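See structure below.
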Amino acid sequence: MVKVRFLIFALIAGCLSGCQSVSSPAAYGPTPSARQLEWHETQFYAFICLSSATYRDVEWGYGDMDPDEFQPIKFDPRQWVEVVKSAGMKGMVLTCKHHDGFCLWPSKLTDYSVAHSSWRDGKGDIVGDLAKEANRAGLKFGVYLSPWDRHDLRYGKPDYIDYYRGQLRELLTNYGPIFEVWQDGANGGDGYYGGRCEQRRVDSKTYYGWDVTDSIVRELQPMACIFSDGGPDVRWCGNESGYVGDPNWAIMDTEGASPGNAGNNSLQNGNPNGNRWVPAEVDVSIRPGWFYHASEDDKVRSVENLMKIYYESIGRGANLILNIPPNKEGLIHPVDSARFAEFGKALKLEFSNPLQGKDVKELSATNERGGSRKFGVRRVMDGKKDTYWATDDSIQQASMTMVLKQVEHLYAIRLKEPIQLGQRIESFAVEALSTSGEWQTIAEGTTIGPRRILRLPSMDASALRITVRSSRACPLLSEVQLFLPPTE
């Protein structure tokens with residue numbers, strides 16, 4: 001009996017020793033910071049565009065509005081927040097100051113703000129009220145502060161930069177946690193400029209001193225991601241139409257890149273040979289314009305169009321910031337609010353019928369790292385973010401097969417890489433075993449990164465096979481989630 005026990009313990013110890021000897025794969029290329037990992041989890045949030053442009057019925061305010069024209073007499077931040085939540089969003093970014101220079105908070109550095117409007121007797125604060133309401137509702141809050149200021153006389157001169165940085169400090173100090181700071185790429189042009197009404201041009205690469213400006217964000221809000229054409233944390237997708245490129249690398253070369261300057265990069269596709277992790281954000285409006293215009297009340301995007309945008313943005317590994325502009329009264333228009341709620345309902349329904357682990361008869365792979373269960377293919381269905389299927393370092397092409405307990409009707413699939421170790425997969429294919437017993441290629445893709453979501457052809461299948469055709473290092477997958485058709 002003693003010998004038997006000894007042999008059992010020896011076998012267990014041997015197995016444990018073998019498991020422990022299998023090393024984790026090394027990170028490949030640039031990897032995300034803690035703030036970026038948190039940003040990736042946010043995925044879907046709102047842009048809220050309000051400024052003098054709303055009251056002048058234009059897209060860019062000139063900077064000459066009398067502050068007293070700003071009269072959002074029915075402003076209700078709770079309504080804004082409830083509309084955003086109805087779409088399933090996790091946060092919002094407010095245009096605290098657009099190009100017109102008008103400040104939606106009582107900035108102590110200018111007289112061109114809500115404090116100089118008769119609205120609420122000069123005691124109004126759009127930024128403060130919305131930040132407070134977002135926090136109450138569990139939504140993240142972000143700020144947009146336009147580098148270009150068409151109102152301020154100092155714009156184009158060195159002392160304007162002190163003013164801009166001072167306003168940034170106000171926003172990052174007085175309104176709680178900030179998850180994103182938006183730096184627009186529009187830099188210089190015609191404007192009011194204290195009544196001069198002239199053209200002013202700046203060298204956007206040198207004028208703003210972005211390294212110093214960004215250091216203020218790092219000092220005051222270390223978990224805030226900075227957005228611009230050049231990052232440094234999040235890049236523009238290169239269009240305002242609602243999609244990111246395919247492939248979409250969450251990597252870019254930041255040398256020479258800044259707001260308004262993409263440097264040596266494709267904003268739509270990223271740069272797989274870049275030096276930093278700078279993922280894409282897709283910005284698009286629910287209306288043709290970014291600010292409210294009554295003439296566009298019948299031009300609000302359909303749920304079908306919004307779903308297409310979702311698959312071509314979030315579904316390609318980007319984050320999506322969807323604009324919803326308040327009207328002159330300070331309310332979200334009923335058409336927009338209804339569409340947000342409809343889209344939120346449609347999104348819930350779209351992914352409401354995931355295949356469960358109990359529905360899978362067998363999972364297998366052509367290679368599992370060191371033969372260890374620690375990196376086995378079953379990790380793709382364990383529901384944990386930090387576990388993953390990995391192959392040996394020498395393997396750059398691999399397949400995994402999912403045999404179902406019964407024939408299922410296919411609908412969609414979601415794939416994820418463990419991006420804490422970088423982005424590596426360059427191309428993949430999805431095959432299905434039809435009821436006639438034939439393997440058919442039903443989907444093909446390039447990059448995966450934070451996530452890849454694909455609609456699948458309508459067909460019955462008894463098994464699925466995912467093949468990584470090309471990878472820059474040994475492929476890793478942290479999730480393979482199959483969705484069946486939604487059921488009401």
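Chains: A, B, ... in order of the structure tokens. Residues: from 1 per chain. Ligands: from 1, in order shown.
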
Shell of 7 Å around region 169-178 of chain A, only C-alpha atoms, local chain residues under 5 positions omitted, as a PyMOL selection string: chain A and resi 128+131+141-142+220-221+224

Please run DSSP on the backbone and report, as a list of chain:residue names, all residues within region 219-453 of chain A that come out as alpha helix (DSSP H).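 For region 219-453 of chain A, the alpha helix (DSSP H) set is A:Glu219, A:Leu220, A:Val303, A:Glu304, A:Asn305, A:Leu306, A:Met307, A:Lys308, A:Ile309, A:Tyr310, A:Tyr311, A:Glu312, A:Pro334, A:Val335, A:Asp336, A:Ser337, A:Ala338, A:Arg339, A:Phe340, A:Ala341, A:Glu342, A:Phe343, A:Gly344, A:Lys345, A:Ala346, A:Leu347, A:Lys348, A:Leu349, A:Glu350.
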
Selection above as a file: C-alpha atoms, as a compact mmCIF listing (two decimals), in the first residue's frame:
```txt
# COMPACT_ATOMS: atom_id res chain seq x y z
CA GLU A 219 0.13 63.95 -14.29
CA LEU A 220 -3.54 64.66 -13.56
CA VAL A 303 -30.76 50.38 -36.96
CA GLU A 304 -29.59 48.32 -39.93
CA ASN A 305 -26.96 50.92 -40.82
CA LEU A 306 -25.82 51.17 -37.20
CA MET A 307 -25.43 47.39 -37.05
CA LYS A 308 -23.27 47.50 -40.18
CA ILE A 309 -21.12 50.16 -38.49
CA TYR A 310 -20.85 47.97 -35.38
CA TYR A 311 -19.49 45.00 -37.33
CA GLU A 312 -17.06 47.20 -39.29
CA PRO A 334 -36.97 62.10 -29.67
CA VAL A 335 -35.97 60.58 -33.02
CA ASP A 336 -32.36 60.15 -31.89
CA SER A 337 -33.25 58.85 -28.44
CA ALA A 338 -35.68 56.32 -29.91
CA ARG A 339 -33.05 55.13 -32.41
CA PHE A 340 -30.46 54.67 -29.65
CA ALA A 341 -32.92 52.55 -27.66
CA GLU A 342 -33.83 50.51 -30.75
CA PHE A 343 -30.18 49.89 -31.54
CA GLY A 344 -29.44 48.89 -27.96
CA LYS A 345 -32.25 46.36 -28.11
CA ALA A 346 -31.02 45.06 -31.48
CA LEU A 347 -27.47 44.61 -30.12
CA LYS A 348 -28.71 42.60 -27.14
CA LEU A 349 -30.73 40.41 -29.47
CA GLU A 350 -27.85 40.01 -31.95
```

Any idea what's packed within 7 Å of Leu484 (chain A), counting only C-alpha atoms, ignoring anything in its chain fewer than 3 positions away? Could you give it as a PyMOL selection string? chain A and resi 353-355+409-412

Okay, now the selection with N, CA and C atoms, as a PDB file, in the first residue's frame?
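Output file out-v6.pdb is given in full below:
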```
ATOM      1  N   ASN A 353     -27.807  34.547 -28.139  1.00  0.00           N
ATOM      2  CA  ASN A 353     -27.904  33.087 -28.173  1.00  0.00           C
ATOM      3  C   ASN A 353     -26.524  32.453 -28.406  1.00  0.00           C
ATOM      4  N   PRO A 354     -25.609  32.627 -27.439  1.00  0.00           N
ATOM      5  CA  PRO A 354     -24.269  32.045 -27.608  1.00  0.00           C
ATOM      6  C   PRO A 354     -24.285  30.536 -27.405  1.00  0.00           C
ATOM      7  N   LEU A 355     -23.443  29.853 -28.158  1.00  0.00           N
ATOM      8  CA  LEU A 355     -23.283  28.408 -27.962  1.00  0.00           C
ATOM      9  C   LEU A 355     -22.598  28.180 -26.619  1.00  0.00           C
ATOM     10  N   HIS A 409     -27.622  25.696 -36.333  1.00  0.00           N
ATOM     11  CA  HIS A 409     -27.710  26.687 -37.406  1.00  0.00           C
ATOM     12  C   HIS A 409     -26.796  27.858 -37.055  1.00  0.00           C
ATOM     13  N   LEU A 410     -25.860  28.170 -37.926  1.00  0.00           N
ATOM     14  CA  LEU A 410     -24.836  29.171 -37.635  1.00  0.00           C
ATOM     15  C   LEU A 410     -25.366  30.592 -37.812  1.00  0.00           C
ATOM     16  N   TYR A 411     -24.753  31.524 -37.056  1.00  0.00           N
ATOM     17  CA  TYR A 411     -25.161  32.935 -37.178  1.00  0.00           C
ATOM     18  C   TYR A 411     -23.965  33.887 -37.164  1.00  0.00           C
ATOM     19  N   ALA A 412     -23.130  33.816 -36.106  1.00  0.00           N
ATOM     20  CA  ALA A 412     -21.991  34.737 -35.998  1.00  0.00           C
ATOM     21  C   ALA A 412     -20.898  34.095 -35.156  1.00  0.00           C
TER      22      ALA A 412
END
```

Residue contacts of region 375-377 of chain A (9 Å, only C-alpha atoms) excluding same-chain residues fewer than 6 positions away, as a list of chain:residue names: A:Ser24, A:Leu363, A:Ser364, A:Ala365, A:Asn367, A:Glu368, A:Arg369, A:Thr387, A:Tyr388, A:Trp389, A:Ala390, A:Thr391, A:Met400, A:Leu477

Can you check which residues of region 250-412 of chain A DSSP gives as strand (DSSP E) on the backbone and send them as an MDAnalysis selection string? chainID A and resid 251:252 276:277 280:285 319:323 360:365 389:390 398:409 412

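Of the listed residues A:Thr31, A:Ser427, A:Thr95, A:Thr254, the one whose atoms come nearest to Asn271 (chain A) is A:Thr254, with distances taken using only C-alpha atoms.
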
Leaving out Gly330 (chain A) and any residue of its chain fewer than 3 positions from it, which residues lie within 10 Å of it when counting only C-alpha atoms, given as a VMD selection string? chain A and resid 50 54 70 to 77 79 to 80 126 325 to 327 333

Mind running region 34-150 of chain A against region 256-269 of chain A at 12 Å and telling me each contacting residue's nearest atom pair with the distance in Å (one decimal), counting only C-alpha atoms, chain and number ascending, as CSV?
```
residue,atom,partner,partner_atom,distance
A:Ser146,CA,A:Pro259,CA,10.5
A:Pro147,CA,A:Pro259,CA,9.1
A:Trp148,CA,A:Pro259,CA,11.0
```

Taking only C-alpha atoms into account, name the residue in A:Thr110, A:Gln167, A:Thr366, A:Asn248 that is nearest to Gly194 (chain A). A:Thr110

Under the rule that only C-alpha atoms are counted, which of A:Lys405, A:Ser399, A:Tyr112, A:Gln36 is the nearest residue to Glu431 (chain A)? A:Ser399

Between A:Ile453, A:Val430, A:Ile413, A:Val403, which is the closest to Arg316 (chain A) once you count only C-alpha atoms?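 Checking each of A:Ile453, A:Val430, A:Ile413, A:Val403 against Arg316 (chain A), counting only C-alpha atoms, the winner is A:Ile453.
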
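Note that the spacing between CA of Gly101 (chain A) and CA of Tyr193 (chain A) amounts to 9.6 Å.
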
Val360 (chain A) surroundings by only C-alpha atoms, 12 Å radius, close-in-sequence under 5 positions cut, as a tab-separated table (two decimals) with N, CA and C atoms, in the first residue's frame:
```
chain	number	residue	atom	x	y	z
A	354	PRO	N	-25.61	32.63	-27.44
A	354	PRO	CA	-24.27	32.04	-27.61
A	354	PRO	C	-24.29	30.54	-27.40
A	355	LEU	N	-23.44	29.85	-28.16
A	355	LEU	CA	-23.28	28.41	-27.96
A	355	LEU	C	-22.60	28.18	-26.62
A	378	ARG	N	-9.03	24.15	-24.94
A	378	ARG	CA	-10.26	24.37	-24.15
A	378	ARG	C	-10.27	25.75	-23.50
A	381	MET	N	-12.80	28.55	-24.52
A	381	MET	CA	-14.21	28.54	-24.12
A	381	MET	C	-14.38	28.54	-22.61
A	401	THR	N	-10.52	22.56	-33.87
A	401	THR	CA	-11.79	22.02	-34.35
A	401	THR	C	-12.76	21.89	-33.19
A	402	MET	N	-13.99	22.34	-33.42
A	402	MET	CA	-15.06	22.29	-32.44
A	402	MET	C	-16.16	21.37	-32.98
A	403	VAL	N	-16.31	20.20	-32.38
A	403	VAL	CA	-17.35	19.25	-32.77
A	403	VAL	C	-18.56	19.47	-31.88
A	404	LEU	N	-19.71	19.70	-32.50
A	404	LEU	CA	-20.92	20.01	-31.74
A	404	LEU	C	-21.67	18.73	-31.39
A	405	LYS	N	-22.43	18.76	-30.31
A	405	LYS	CA	-23.20	17.59	-29.90
A	405	LYS	C	-24.37	17.34	-30.84
A	406	GLN	N	-24.82	18.39	-31.51
A	406	GLN	CA	-25.90	18.23	-32.48
A	406	GLN	C	-25.73	19.27	-33.58
A	407	VAL	N	-26.40	19.07	-34.67
A	407	VAL	CA	-26.33	20.03	-35.77
A	407	VAL	C	-26.95	21.36	-35.32
A	408	GLU	N	-26.22	22.45	-35.56
A	408	GLU	CA	-26.69	23.78	-35.18
A	408	GLU	C	-26.73	24.69	-36.40
A	462	SER	N	-22.28	20.63	-38.19
A	462	SER	CA	-22.05	19.75	-37.04
A	462	SER	C	-20.69	20.00	-36.40
A	463	ALA	N	-19.83	20.80	-37.07
A	463	ALA	CA	-18.51	21.11	-36.53
A	463	ALA	C	-17.98	22.38	-37.18
A	464	LEU	N	-17.07	23.03	-36.47
A	464	LEU	CA	-16.40	24.23	-36.99
A	464	LEU	C	-14.89	24.04	-36.85
A	481	GLN	N	-16.07	32.27	-29.71
A	481	GLN	CA	-17.47	32.22	-29.28
A	481	GLN	C	-18.39	32.16	-30.50
A	482	LEU	N	-19.12	31.08	-30.61
A	482	LEU	CA	-20.07	30.89	-31.69
A	482	LEU	C	-21.46	31.34	-31.23
```

Selection near Lys97 (chain A), 8 Å with only C-alpha atoms, sequence-local residues under 6 positions removed, as a list in words: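 Near neighbours after the sequence-gap exclusion: Ser51, Cys103, Leu104, Tyr144, Leu145 and Ser146 of chain A.
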
Emit the selected residues as a PDB file, in the first residue's frame, including N, CA and C atoms.
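Generated file (again-v3.pdb):
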```pdb
ATOM      1  N   SER A  51     -22.331  73.212 -28.926  1.00  0.00           N
ATOM      2  CA  SER A  51     -21.503  74.422 -28.923  1.00  0.00           C
ATOM      3  C   SER A  51     -22.307  75.549 -29.557  1.00  0.00           C
ATOM      4  N   CYS A 103     -16.781  77.812 -24.059  1.00  0.00           N
ATOM      5  CA  CYS A 103     -16.560  76.790 -23.034  1.00  0.00           C
ATOM      6  C   CYS A 103     -17.856  76.403 -22.341  1.00  0.00           C
ATOM      7  N   LEU A 104     -18.116  75.106 -22.269  1.00  0.00           N
ATOM      8  CA  LEU A 104     -19.328  74.607 -21.621  1.00  0.00           C
ATOM      9  C   LEU A 104     -19.169  74.469 -20.115  1.00  0.00           C
ATOM     10  N   TYR A 144     -13.385  66.571 -24.621  1.00  0.00           N
ATOM     11  CA  TYR A 144     -12.871  67.053 -25.905  1.00  0.00           C
ATOM     12  C   TYR A 144     -12.541  68.525 -25.715  1.00  0.00           C
ATOM     13  N   LEU A 145     -11.295  68.891 -25.963  1.00  0.00           N
ATOM     14  CA  LEU A 145     -10.874  70.286 -25.869  1.00  0.00           C
ATOM     15  C   LEU A 145     -10.153  70.633 -27.163  1.00  0.00           C
ATOM     16  N   SER A 146     -10.805  71.402 -28.017  1.00  0.00           N
ATOM     17  CA  SER A 146     -10.230  71.707 -29.331  1.00  0.00           C
ATOM     18  C   SER A 146      -8.945  72.509 -29.197  1.00  0.00           C
TER      19      SER A 146
END
```

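What separates CA of Val480 (chain A) from CA of Lys416 (chain A) is a distance of 6.9 Å.
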